[in-house]
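Next comes structure-v4.txt, with compact mmCIF, C-alpha atoms.
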```txt
# COMPACT_ATOMS: atom_id res chain seq x y z
CA MET L 1 -22.80 -38.62 -17.16
CA LYS L 2 -25.18 -40.50 -14.88
CA ASP L 3 -24.59 -42.32 -11.62
CA LYS L 4 -25.90 -45.61 -13.02
CA ASP L 5 -22.96 -45.63 -15.46
CA ILE L 6 -20.34 -45.49 -12.72
CA LYS L 7 -18.64 -48.86 -12.47
CA PRO L 8 -16.80 -50.22 -9.38
CA ILE L 9 -13.09 -49.54 -8.99
CA PRO L 10 -11.19 -51.90 -11.35
CA LYS L 11 -9.09 -54.45 -9.50
CA ASN L 12 -5.84 -53.37 -11.16
CA ILE L 13 -6.54 -49.71 -10.29
CA GLU L 14 -7.35 -50.56 -6.68
CA LYS L 15 -4.10 -52.50 -6.44
CA ARG L 16 -2.12 -49.53 -7.74
CA ILE L 17 -3.87 -47.19 -5.32
CA ARG L 18 -3.10 -49.42 -2.35
CA GLU L 19 0.55 -49.70 -3.41
CA LEU L 20 0.81 -45.94 -3.79
CA ASP L 21 -0.89 -45.43 -0.43
CA LYS L 22 1.80 -47.45 1.34
CA ILE L 23 4.40 -45.10 -0.13
CA ARG L 24 2.55 -41.80 0.38
CA CYS L 25 1.09 -42.68 3.79
CA PRO L 26 3.39 -45.22 5.48
CA GLU L 27 1.77 -44.65 8.87
CA GLN L 28 -1.62 -45.57 7.39
CA LYS L 29 -3.47 -42.97 9.42
CA GLY L 30 -6.17 -40.45 8.63
CA LEU L 31 -8.29 -39.71 5.59
CA ARG L 32 -6.55 -39.66 2.21
CA PHE L 33 -7.65 -39.27 -1.41
CA TYR L 34 -6.44 -40.82 -4.67
CA ALA L 35 -7.86 -40.73 -8.18
CA TYR L 36 -7.88 -42.62 -11.45
CA LEU L 37 -8.96 -41.86 -15.00
CA THR L 38 -11.51 -43.85 -16.94
CA THR L 39 -14.28 -43.30 -19.47
CA ILE L 40 -18.04 -43.15 -19.01
CA ASN L 41 -20.05 -43.13 -22.24
CA LYS L 42 -16.92 -42.10 -24.19
CA GLU L 43 -16.27 -39.18 -21.82
CA LEU L 44 -12.94 -39.05 -20.01
CA VAL L 45 -13.57 -38.74 -16.27
CA LYS L 46 -11.57 -38.57 -13.08
CA ILE L 47 -12.92 -40.67 -10.23
CA THR L 48 -11.73 -39.69 -6.77
CA VAL L 49 -11.59 -42.37 -4.11
CA ALA L 50 -11.28 -41.92 -0.35
CA MET L 51 -9.29 -44.21 1.94
CA ARG L 52 -9.05 -44.73 5.66
CA ASN L 53 -8.19 -47.60 7.98
CA LYS L 54 -11.00 -49.42 9.75
CA ASN L 55 -8.50 -51.22 11.97
CA LYS L 56 -4.84 -52.19 11.86
CA LYS L 57 -5.37 -54.70 9.06
CA GLU L 58 -8.39 -53.50 7.09
CA GLN L 59 -8.39 -50.49 4.78
CA LEU L 60 -11.61 -48.94 3.53
CA ILE L 61 -11.76 -47.51 0.02
CA LYS L 62 -14.71 -46.03 -1.89
CA GLN L 63 -15.55 -43.73 -4.79
CA VAL L 64 -16.64 -40.28 -3.62
CA ALA L 65 -16.47 -37.93 -6.64
CA VAL L 66 -16.63 -38.10 -10.43
CA HIS L 67 -15.49 -35.21 -12.64
CA GLY L 68 -16.05 -35.41 -16.40
CA ILE L 69 -14.24 -33.42 -19.03
CA TYR L 70 -17.46 -32.32 -20.78
CA SER L 71 -19.95 -32.35 -17.90
CA ASP L 72 -21.00 -29.05 -16.32
CA LYS L 73 -21.58 -30.74 -12.98
CA CYS L 74 -19.71 -33.42 -11.09
CA LEU L 75 -21.18 -36.25 -9.01
CA VAL L 76 -20.36 -36.70 -5.32
CA ARG L 77 -21.33 -39.32 -2.75
CA ASP L 78 -20.84 -39.44 1.03
CA LEU L 79 -18.58 -36.38 0.79
CA GLU L 80 -19.04 -33.16 2.75
CA TYR L 81 -17.09 -29.90 2.53
CA CYS L 82 -15.83 -28.68 5.90
CA TYR L 83 -12.58 -27.66 7.58
CA LEU L 84 -10.77 -30.45 9.35
CA GLY L 85 -7.02 -29.96 9.69
CA ILE L 86 -5.24 -30.16 6.32
CA TYR L 87 -8.33 -31.50 4.55
CA ALA L 88 -11.40 -29.47 3.65
CA TYR L 89 -13.61 -32.55 3.33
CA ARG L 90 -15.05 -35.33 5.43
CA VAL L 91 -16.27 -38.71 4.22
CA GLY L 92 -19.02 -40.87 5.70
CA TRP L 93 -18.28 -44.56 6.31
CA TYR L 94 -21.48 -45.67 8.04
CA ASP L 95 -22.23 -48.48 5.55
CA GLU L 96 -18.64 -49.69 5.84
CA GLY L 97 -19.06 -50.38 9.53
CA ILE L 98 -17.60 -47.25 11.12
CA LYS L 99 -19.47 -46.37 14.31
CA TYR L 100 -20.54 -42.79 14.94
CA ARG L 101 -21.63 -40.98 18.08
CA TYR L 102 -25.02 -42.17 19.32
CA GLY L 103 -25.03 -44.72 16.50
CA LEU L 104 -26.54 -42.22 14.06
CA ARG L 105 -25.75 -42.08 10.36
CA PRO L 106 -24.14 -38.74 9.33
CA PHE L 107 -26.51 -36.56 7.33
CA TYR L 108 -24.13 -36.43 4.35
CA ASN L 109 -23.65 -40.21 4.32
CA ASP L 110 -26.68 -41.62 2.49
CA GLY L 111 -24.88 -43.43 -0.34
CA ILE L 112 -26.60 -41.37 -3.06
CA TRP L 113 -24.75 -39.66 -5.91
CA TYR L 114 -25.59 -35.94 -6.09
CA PRO L 115 -24.82 -33.53 -8.96
CA VAL L 116 -22.98 -30.42 -7.73
CA ASN L 117 -21.06 -27.50 -9.21
CA PHE L 118 -17.91 -28.70 -10.98
CA LYS L 119 -15.43 -26.57 -9.08
CA TYR L 120 -16.61 -27.73 -5.65
CA TYR L 121 -16.06 -31.10 -4.00
CA ASN L 122 -12.81 -31.71 -5.83
CA PRO L 123 -10.21 -32.68 -3.21
CA TYR L 124 -6.60 -32.92 -4.26
CA ALA L 125 -5.86 -36.51 -5.21
CA GLU L 126 -2.86 -38.01 -6.97
CA VAL L 127 -3.87 -39.74 -10.21
CA VAL L 128 -2.48 -43.27 -10.56
CA ASN L 129 -2.96 -43.63 -14.34
CA ILE L 130 -2.44 -40.12 -15.72
CA ASN L 131 -1.08 -41.53 -19.00
CA LEU L 132 -4.63 -42.47 -20.00
CA ALA L 133 -5.23 -38.76 -20.64
CA LEU L 134 -2.56 -38.87 -23.37
CA LYS L 135 -4.61 -41.43 -25.30
CA TYR L 136 -7.34 -38.82 -25.80
CA PHE L 137 -5.16 -35.68 -25.71
CA PRO L 138 -1.72 -36.79 -26.96
CA TYR L 139 -0.35 -33.24 -27.26
CA SER L 140 -1.67 -31.89 -23.97
CA ALA L 141 1.64 -32.42 -22.07
CA VAL L 142 -0.47 -33.36 -19.07
CA ASP L 143 2.14 -35.91 -18.01
CA ILE L 144 4.79 -33.17 -17.88
CA LEU L 145 2.65 -30.67 -15.98
CA ASN L 146 1.04 -33.22 -13.63
CA PRO L 147 -1.65 -30.67 -12.65
CA VAL L 148 -3.56 -30.55 -9.39
CA CYS L 149 -6.71 -31.60 -11.26
CA VAL L 150 -6.23 -33.36 -14.58
CA ILE L 151 -9.79 -32.74 -15.76
CA THR L 152 -9.68 -29.02 -14.93
CA TYR L 153 -6.46 -28.65 -16.90
CA LEU L 154 -7.76 -30.60 -19.91
CA ARG L 155 -10.90 -28.48 -20.00
CA LYS L 156 -8.67 -25.41 -20.21
CA TYR L 157 -6.39 -27.12 -22.76
CA MET L 158 -9.35 -27.73 -25.08
CA LYS L 159 -10.06 -23.99 -25.03
CA TYR L 160 -6.42 -22.90 -25.08
CA PRO L 161 -4.28 -25.54 -26.83
CA GLN L 162 -1.35 -23.11 -26.58
CA ALA L 163 -1.01 -24.35 -23.00
CA GLU L 164 1.13 -27.15 -24.47
CA TYR L 165 3.57 -24.48 -25.69
CA LEU L 166 3.96 -23.07 -22.18
CA ILE L 167 4.47 -26.45 -20.53
CA LYS L 168 7.06 -27.70 -23.00
CA ALA L 169 8.89 -24.39 -22.65
CA GLY L 170 9.20 -25.03 -18.91
CA LEU L 171 6.65 -22.34 -18.03
CA GLY L 172 3.80 -24.54 -16.87
CA LYS L 173 3.20 -22.31 -13.84
CA PHE L 174 1.55 -19.77 -16.19
CA VAL L 175 -1.02 -22.25 -17.51
CA LYS L 176 -3.61 -21.00 -15.03
CA SER L 177 -3.42 -17.48 -16.43
CA LYS L 178 -6.09 -16.71 -19.01
CA MET L 179 -4.30 -13.45 -19.88
CA ILE L 180 -1.05 -15.24 -20.73
CA LEU L 181 -2.78 -17.96 -22.74
CA GLU L 182 -4.83 -15.48 -24.77
CA LEU L 183 -1.79 -13.33 -25.51
CA ILE L 184 0.18 -16.38 -26.70
CA GLY L 185 -2.71 -17.29 -29.01
CA LYS L 186 -2.71 -13.93 -30.82
CA ASP L 187 0.86 -12.58 -30.51
CA LYS L 188 3.78 -14.59 -31.91
CA LYS L 189 6.27 -11.99 -30.70
CA PHE L 190 5.12 -12.65 -27.15
CA CYS L 191 5.87 -16.36 -27.67
CA LYS L 192 9.42 -15.54 -28.75
CA TRP L 193 9.81 -13.18 -25.79
CA LEU L 194 8.74 -15.95 -23.41
CA ILE L 195 11.32 -18.33 -24.87
CA THR L 196 14.05 -15.69 -24.63
CA ASN L 197 13.23 -15.04 -20.97
CA ARG L 198 12.07 -18.51 -19.93
CA GLN L 199 14.94 -19.18 -17.53
CA VAL L 200 14.39 -16.06 -15.44
CA LEU L 201 10.60 -16.49 -15.69
CA SER L 202 10.76 -20.09 -14.46
CA GLU L 203 13.08 -19.26 -11.56
CA ASN L 204 11.20 -16.25 -10.15
CA PRO L 205 7.60 -15.78 -8.95
CA TYR L 206 6.69 -12.76 -11.08
CA TYR L 207 3.13 -11.43 -11.06
CA ILE L 208 1.17 -12.01 -14.28
CA ASP L 209 0.65 -8.29 -14.88
CA VAL L 210 4.39 -7.75 -14.36
CA VAL L 211 5.20 -10.31 -17.05
CA ILE L 212 2.83 -8.75 -19.56
CA ARG L 213 3.91 -5.19 -18.72
CA SER L 214 7.57 -6.13 -19.09
CA TYR L 215 6.89 -7.55 -22.56
CA LYS L 216 4.87 -4.53 -23.69
CA THR L 217 7.16 -1.84 -22.26
CA GLY L 218 10.57 -3.50 -22.47
CA LYS L 219 11.23 -2.66 -18.82
CA SER L 220 13.09 -5.03 -16.52
CA LEU L 221 11.06 -7.81 -14.91
CA ASP L 222 12.86 -7.31 -11.61
CA SER L 223 12.26 -3.56 -11.48
CA LEU L 224 8.56 -3.94 -12.35
CA GLN L 225 8.19 -6.72 -9.79
CA ALA L 226 9.90 -4.65 -7.11
CA TYR L 227 7.60 -1.72 -7.90
CA ALA L 228 4.48 -3.90 -7.74
CA GLU L 229 5.53 -5.49 -4.45
CA ALA L 230 6.37 -2.09 -2.99
CA VAL L 231 2.89 -0.80 -3.86
CA ILE L 232 1.25 -3.77 -2.17
CA ILE L 233 3.37 -3.57 0.96
CA LEU L 234 3.05 0.20 1.34
CA LYS L 235 -0.72 0.19 0.92
CA ARG L 236 -1.60 -2.91 2.91
CA GLN L 237 0.79 -3.16 5.83
CA ARG L 238 -0.39 -1.48 8.98
CA ASN L 239 3.09 -0.96 10.38
CA LEU L 240 4.13 1.71 7.85
CA PRO L 241 1.92 4.71 8.76
CA ARG L 242 4.87 7.10 9.17
CA LEU L 243 6.17 6.27 5.70
CA GLN L 244 2.69 6.57 4.20
CA ARG L 245 2.26 10.04 5.69
CA ALA L 246 5.76 11.22 4.77
CA PHE L 247 5.41 10.23 1.11
CA ARG L 248 1.72 10.85 0.51
CA ASN L 249 2.54 13.53 -2.10
CA ASP L 250 5.37 11.69 -3.90
CA LEU L 251 4.46 8.05 -3.53
CA ASP L 252 5.38 7.20 -7.14
CA GLN L 253 8.83 8.72 -6.69
CA LEU L 254 9.43 6.58 -3.60
CA LEU L 255 8.25 3.42 -5.33
CA ASN L 256 10.38 4.09 -8.41
CA TYR L 257 13.37 4.79 -6.18
CA VAL L 258 12.88 1.58 -4.21
CA SER L 259 12.59 -0.52 -7.36
CA LYS L 260 15.66 1.06 -9.00
CA GLN L 261 17.71 0.50 -5.84
CA LYS L 262 16.55 -3.16 -5.83
CA THR L 263 15.37 -2.97 -2.25
CA GLY L 264 12.01 -3.21 -0.49
CA VAL L 265 9.62 -0.75 1.15
CA THR L 266 10.09 -2.37 4.55
CA THR L 267 13.87 -2.02 4.24
CA TYR L 268 13.46 1.62 3.26
CA ASN L 269 11.14 2.07 6.23
CA ASP L 270 13.90 0.80 8.52
CA TYR L 271 16.30 3.30 6.93
CA TYR L 272 13.78 6.15 7.28
CA THR L 273 13.12 5.29 10.91
CA ALA L 274 16.86 5.23 11.68
CA CYS L 275 17.41 8.58 9.99
CA THR L 276 14.61 10.32 11.85
CA TYR L 277 15.73 8.77 15.14
CA ILE L 278 19.23 10.22 14.85
CA GLY L 279 17.81 13.64 13.85
CA LEU L 280 18.41 13.87 10.08
CA ASP L 281 16.21 16.19 7.99
CA MET L 282 14.36 13.79 5.68
CA THR L 283 13.06 16.57 3.45
CA ILE L 284 16.57 17.00 2.04
CA PRO L 285 16.86 14.93 -1.18
CA LYS L 286 20.29 13.44 -0.37
CA ASN L 287 18.85 12.02 2.87
CA ARG L 288 15.51 11.09 1.38
CA TYR L 289 16.89 9.40 -1.74
CA PRO L 290 20.60 8.60 -1.26
CA HIS L 291 22.42 7.67 -4.47
CA ASP L 292 23.82 4.43 -3.01
CA PHE L 293 20.99 3.24 -0.80
CA LYS L 294 22.65 0.08 0.48
CA ARG L 295 25.77 1.94 1.65
CA TRP L 296 23.87 4.71 3.40
CA HIS L 297 21.31 2.30 4.79
CA ASP L 298 24.10 0.37 6.54
CA ILE L 299 25.72 3.57 7.82
CA ARG L 300 22.48 4.97 9.25
CA ILE L 301 21.56 1.66 10.82
CA ASP L 302 24.93 1.50 12.58
CA GLU L 303 24.46 5.07 13.83
CA TYR L 304 20.97 4.22 14.98
CA ARG L 305 22.19 1.10 16.75
CA THR L 306 24.80 3.07 18.67
CA ALA L 307 22.34 5.80 19.68
CA LYS L 308 19.76 3.27 20.67
CA ALA L 309 22.18 1.25 22.76
CA LEU L 310 23.28 4.33 24.68
CA GLU L 311 19.73 5.42 25.37
CA ASP L 312 18.16 2.23 26.59
CA ALA L 313 21.01 0.27 28.15
CA GLU L 314 19.14 0.19 31.44
CA LYS L 315 15.94 -0.94 29.80
CA ARG L 316 17.48 -4.06 28.30
CA LYS L 317 17.13 -6.20 31.41
CA GLU L 318 13.39 -5.65 31.57
CA LEU L 319 13.14 -6.06 27.80
CA TYR L 320 14.85 -9.46 27.90
CA ALA L 321 12.50 -10.69 30.62
CA GLN L 322 9.37 -9.57 28.76
CA PHE L 323 10.70 -10.95 25.49
CA ALA L 324 11.31 -14.37 27.05
CA ILE L 325 7.71 -14.52 28.35
CA VAL L 326 6.26 -13.84 24.90
CA ALA L 327 8.63 -16.31 23.20
CA GLU L 328 7.66 -19.02 25.69
CA LYS L 329 3.97 -18.36 25.05
CA TYR L 330 4.31 -18.92 21.32
CA LEU L 331 6.69 -21.87 21.36
CA PRO L 332 3.94 -24.15 19.90
CA LEU L 333 4.25 -22.24 16.61
CA GLN L 334 7.72 -23.71 16.12
CA ARG L 335 7.97 -26.57 13.63
CA ASN L 336 10.61 -29.26 14.02
CA LEU L 337 9.27 -32.18 12.01
CA HIS L 338 11.00 -34.51 9.57
CA ASP L 339 11.41 -31.95 6.80
CA THR L 340 14.11 -30.10 4.89
CA TYR L 341 13.57 -27.01 7.05
CA ILE L 342 12.72 -26.27 10.66
CA VAL L 343 11.23 -23.12 12.23
CA VAL L 344 12.23 -21.70 15.63
CA VAL L 345 11.00 -18.61 17.43
CA ALA L 346 13.41 -15.89 18.55
CA ARG L 347 13.98 -16.39 22.28
CA SER L 348 15.69 -13.08 23.11
CA PRO L 349 16.72 -9.72 21.59
CA ALA L 350 20.23 -11.17 21.41
CA ASP L 351 18.91 -13.78 18.98
CA LEU L 352 17.59 -10.98 16.78
CA ILE L 353 20.92 -9.16 16.87
CA LYS L 354 22.85 -12.33 15.99
CA GLU L 355 20.47 -13.04 13.10
CA SER L 356 20.82 -9.45 11.93
CA ASP L 357 24.62 -9.49 12.04
CA ILE L 358 25.00 -12.75 10.16
CA LEU L 359 22.28 -12.20 7.55
CA HIS L 360 22.98 -8.46 7.17
CA HIS L 361 19.46 -7.18 7.71
CA CYS L 362 17.68 -5.06 10.32
CA VAL L 363 15.73 -7.52 12.44
CA GLY L 364 18.05 -6.91 15.39
CA THR L 365 17.80 -3.13 15.37
CA MET L 366 14.50 -1.79 14.08
CA ASN L 367 12.13 -2.29 17.04
CA TYR L 368 11.19 -5.85 16.13
CA ASP L 369 11.89 -6.75 19.76
CA GLN L 370 9.27 -4.19 20.84
CA LYS L 371 6.76 -5.63 18.38
CA MET L 372 7.24 -9.04 19.94
CA ILE L 373 6.79 -7.70 23.45
CA ARG L 374 3.58 -5.94 22.40
CA GLU L 375 2.56 -9.19 20.66
CA GLU L 376 2.00 -7.40 17.36
CA SER L 377 4.27 -9.68 15.36
CA LEU L 378 6.69 -12.52 16.03
CA ILE L 379 10.10 -13.24 14.57
CA PHE L 380 10.86 -16.79 13.48
CA PHE L 381 14.06 -18.25 12.08
CA ILE L 382 14.06 -20.76 9.23
CA ARG L 383 16.92 -23.24 9.51
CA THR L 384 17.93 -26.18 7.39
CA ALA L 385 17.54 -29.49 9.17
CA ASP L 386 21.21 -30.22 8.53
CA GLU L 387 22.40 -26.92 10.10
CA PRO L 388 19.80 -26.02 12.75
CA ASN L 389 22.03 -23.40 14.41
CA THR L 390 23.05 -21.50 11.28
CA PRO L 391 20.98 -18.39 10.33
CA PHE L 392 19.33 -18.93 6.96
CA VAL L 393 15.98 -17.12 6.49
CA THR L 394 14.08 -14.76 8.80
CA ILE L 395 10.27 -14.39 9.02
CA GLU L 396 8.07 -11.70 10.54
CA TYR L 397 4.63 -13.15 11.34
CA SER L 398 1.60 -10.99 12.20
CA LEU L 399 -0.44 -12.15 15.19
CA THR L 400 -3.33 -9.95 14.03
CA THR L 401 -3.70 -11.02 10.40
CA GLN L 402 -2.00 -14.43 10.80
CA LYS L 403 0.08 -13.73 7.71
CA VAL L 404 3.79 -13.59 6.90
CA LEU L 405 4.75 -9.92 6.69
CA GLN L 406 8.38 -10.43 5.69
CA CYS L 407 10.51 -13.38 4.59
CA TYR L 408 14.14 -12.59 3.77
CA GLY L 409 17.52 -14.26 3.55
CA ASP L 410 21.01 -12.80 3.47
CA HIS L 411 21.12 -9.06 2.59
CA ASN L 412 17.30 -8.97 2.40
CA SER L 413 17.33 -11.39 -0.53
CA LYS L 414 14.26 -13.40 -1.50
CA PRO L 415 14.45 -17.03 -0.39
CA SER L 416 14.36 -19.80 -2.99
CA GLN L 417 11.02 -21.06 -4.26
CA ASP L 418 11.18 -24.26 -2.19
CA VAL L 419 11.66 -22.20 0.98
CA LEU L 420 8.70 -19.97 0.10
CA GLU L 421 6.54 -23.03 -0.61
CA PHE L 422 7.56 -24.54 2.75
CA VAL L 423 6.71 -21.29 4.57
CA ASN L 424 3.36 -20.69 2.84
CA ASN L 425 2.10 -24.23 2.37
CA LYS L 426 3.43 -26.06 5.42
CA TRP L 427 4.53 -23.78 8.25
CA LEU L 428 1.95 -20.96 7.91
CA PRO L 429 -1.16 -23.22 8.07
CA PHE L 430 0.45 -25.10 10.97
CA ALA L 431 1.29 -21.85 12.82
CA ASN L 432 -2.23 -20.49 12.33
CA ARG L 433 -3.77 -23.63 13.78
CA GLN L 434 -1.43 -23.49 16.78
CA LEU L 435 -2.19 -19.79 17.32
CA ASN L 436 -5.92 -20.48 17.26
CA LYS L 437 -5.44 -23.14 19.93
CA ILE L 438 -3.48 -20.69 22.10
CA ASN L 439 -6.18 -18.03 21.71
CA LYS L 440 -8.98 -20.48 22.55
CA THR L 441 -7.13 -21.64 25.67
CA ALA L 442 -6.64 -18.02 26.76
CA GLN L 443 -10.34 -17.24 26.22
CA ALA L 444 -11.41 -20.32 28.17
CA ALA L 445 -9.21 -19.31 31.08
```

Translate this structure into structure tokens?
Amino acid sequence: MKDKDIKPIPKNIEKRIRELDKIRCPEQKGLRFYAYLTTINKELVKITVAMRNKNKKEQLIKQVAVHGIYSDKCLVRDLEYCYLGIYAYRVGWYDEGIKYRYGLRPFYNDGIWYPVNFKYYNPYAEVVNINLALKYFPYSAVDILNPVCVITYLRKYMKYPQAEYLIKAGLGKFVKSKMILELIGKDKKFCKWLITNRQVLSENPYYIDVVIRSYKTGKSLDSLQAYAEAVIILKRQRNLPRLQRAFRNDLDQLLNYVSKQKTGVTTYNDYYTACTYIGLDMTIPKNRYPHDFKRWHDIRIDEYRTAKALEDAEKRKELYAQFAIVAEKYLPLQRNLHDTYIVVVARSPADLIKESDILHHCVGTMNYDQKMIREESLIFFIRTADEPNTPFVTIEYSLTTQKVLQCYGDHNSKPSQDVLEFVNNKWLPFANRQLNKINKTAQAA
């Protein structure tokens, strides 16, 4: 694949891109990418084009990257990797008449095609003629999967044609896993097991090693997933030192108990904290591992709440004032755009208690108000746009690591996949950018 073989954007393709752009970007603002498939010397390639508006009437469009299905390297032109908002790329438009500071041409904007590593310089771009791939790979199911990068997927499909099996079974999310694909290729029993469990596998975000371990051991997917998540939380979260010390000699027993009770380590930590606060001996097995965890968790939390209320009744006034100051400081992290969900920050300890009572979890009782005051973590409420005042999902967000520590719905249940995607792909990047702005403003002051 050579740059001299790259032909201009076909008129019919350009027309389709411009029509799609009006739908995907009705405001016609900012940099955006689209792509189309074609062939160069009998090789199927994806050509990425960049678009931006020069003025209110004129749109600029140009080819910036070419990825071939057989080529080890891709070709890029006037495209630079960086971090600018939601895009990790910038495009030079000097030859198209865009003026730059001091009238200088950007260093990355020389109009020359450069060969670079395949996996780099590959911005996400919707393909306008994905059906062309079916002409060359009719059984690839690429039109069903609609992957982030068509060429990347087809390269994997050529090596692992069993990817078609996964996609048509409704398990396309596992196509990226080399372990799953290789096991399908050599173990027919695993294929049957996937079909038998495809509904639960498609509806839940199980780890790859959990899926394979469940098949090989016959153990429940949910119990193995709970165990794996408990291990990660217990080892990585900084806010569980007491639990880590208390169970350093029987960690496996705790993790097995948590997974069998279908709860989480953080929920158990709340229970453990409540028990120690009210003076229970946590070396006694019936306290350490109650038979019905949910029942005894609720009882101990109620006892803790009563004891706590009696002890710090006089401290509440000061607490509310400090809480309000912190909440006001981080108001920019709220998100109230035109979306299915909105995000609001807790404005007072009373908000936490109300959320806790309605959603039946511990955010209103287990020192989360103190964490906010110390600015260790913040509590945010996810609401549906249709019912902005109704508790739905609760988030704990770390100001130190800029990550979501907890995300639970009613009775500490996992939110649906679309909620998790909204939190991780839309709100979290937005919140991190807002937090960085707050920190920079504070440093400048």

Judged by all atoms listed in the file, the minimum distance to L:Asn53 among L:Arg32, L:Lys135, L:Lys159, L:His67 is found for L:Arg32

In terms of the shortest atom-to-atom distance over all atoms listed in the file, which of L:Leu224, L:Ala246, L:Val363, L:Ala321 is closest to L:Thr267? L:Val363

Report, in Å with one decimal, the straight-line distance from atom CA of L:Gly218 to atom CA of L:Val258.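 Interatomic distance, atom CA of L:Gly218 to atom CA of L:Val258: 19.1 Å.
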
Residue neighbourhood L:Leu44, 10 Å, only C-alpha atoms, exclusion window fewer than 6 positions, as a PDB file with C-alpha atoms, in the frame of the given file:
```
ATOM      1  CA  LEU L  37      -8.960 -41.860 -15.000  1.00  0.00           C
ATOM      2  CA  THR L  38     -11.510 -43.850 -16.940  1.00  0.00           C
ATOM      3  CA  HIS L  67     -15.490 -35.210 -12.640  1.00  0.00           C
ATOM      4  CA  GLY L  68     -16.050 -35.410 -16.400  1.00  0.00           C
ATOM      5  CA  ILE L  69     -14.240 -33.420 -19.030  1.00  0.00           C
ATOM      6  CA  TYR L  70     -17.460 -32.320 -20.780  1.00  0.00           C
ATOM      7  CA  SER L  71     -19.950 -32.350 -17.900  1.00  0.00           C
ATOM      8  CA  LEU L 132      -4.630 -42.470 -20.000  1.00  0.00           C
ATOM      9  CA  ALA L 133      -5.230 -38.760 -20.640  1.00  0.00           C
ATOM     10  CA  TYR L 136      -7.340 -38.820 -25.800  1.00  0.00           C
ATOM     11  CA  ILE L 151      -9.790 -32.740 -15.760  1.00  0.00           C
ATOM     12  CA  LEU L 154      -7.760 -30.600 -19.910  1.00  0.00           C
TER      13      LEU L 154
END
```

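Considering the residues L:Lys235, L:Lys286, L:Lys371, L:Lys46 and counting all atoms listed in the file, L:Tyr153 has its shortest atom-to-atom contact with L:Lys46.
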
Stretch 428-443 of chain L: which residues within 8 Å, counting all atoms listed in the file, same-chain residues fewer than 4 positions away excluded, as number ranges by chain? L: 330, 332-334, 402-404, 423-424

What is the atom CA of L:Tyr120 to atom CA of L:Trp427 distance in Å?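 Here the two named atoms are 25.6 Å from each other.
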
So how far away is atom CA of L:Gln225 from atom CA of L:Tyr206, in Å?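 These atoms are spaced 6.4 Å apart.
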
Counting only C-alpha atoms, the residue of L:Leu145, L:Ser214, L:Gln199, L:Met158 that sits nearest L:Val175: L:Leu145

Of the residues L:Thr263, L:Asn122, L:Ser377, L:Asn109, which is the one nearest to L:Ala327, using all atoms listed in the file?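 The closest residue to L:Ala327 is L:Ser377.
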
Can you work out which one of L:Val66, L:Val128, L:Val142, L:Val326 has the shortest atom-to-atom distance to L:Trp113, counting only C-alpha atoms?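 Ranked by minimum distance to L:Trp113, first place goes to L:Val66.
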
Within 12 Å of L:Lys294, counting all atoms listed in the file, which residues show up once you throw out same-chain ones fewer than 6 positions away? Write them as a list in words, please.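 Residues near the query, excluding close chain neighbours: Val258, Lys260, Gln261, Lys262, Thr263, Gly264, Thr267, Tyr268, Asp270, Tyr271, Arg300, Ile301, His360, His361, His411 and Asn412 of chain L.
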
Could you pull the residues within 12 Å of L:Thr196, counting only C-alpha atoms, minus those fewer than 5 positions along the same chain, as number ranges by chain? L: 169-171, 189-191, 201-202, 215

Just write the chosen residues, C-alpha atoms, as a PDB file, keeping the file's coordinate frame.
```pdb
ATOM      1  CA  ALA L 169       8.890 -24.390 -22.650  1.00  0.00           C
ATOM      2  CA  GLY L 170       9.200 -25.030 -18.910  1.00  0.00           C
ATOM      3  CA  LEU L 171       6.650 -22.340 -18.030  1.00  0.00           C
ATOM      4  CA  LYS L 189       6.270 -11.990 -30.700  1.00  0.00           C
ATOM      5  CA  PHE L 190       5.120 -12.650 -27.150  1.00  0.00           C
ATOM      6  CA  CYS L 191       5.870 -16.360 -27.670  1.00  0.00           C
ATOM      7  CA  LEU L 201      10.600 -16.490 -15.690  1.00  0.00           C
ATOM      8  CA  SER L 202      10.760 -20.090 -14.460  1.00  0.00           C
ATOM      9  CA  TYR L 215       6.890  -7.550 -22.560  1.00  0.00           C
TER      10      TYR L 215
END
```

For L:Ala163: contacts at 9 Å, all atoms listed in the file, fewer than 2 positions along chain excluded, given as a count of residues only: 15

In file coordinates, which residues lie within 9 Å of (-23.1, -43.7, -3.5) using all atoms listed in the file, given as JSON, numbers by chain? {"L": [3, 62, 63, 64, 76, 77, 78, 109, 110, 111, 112, 113, 114]}
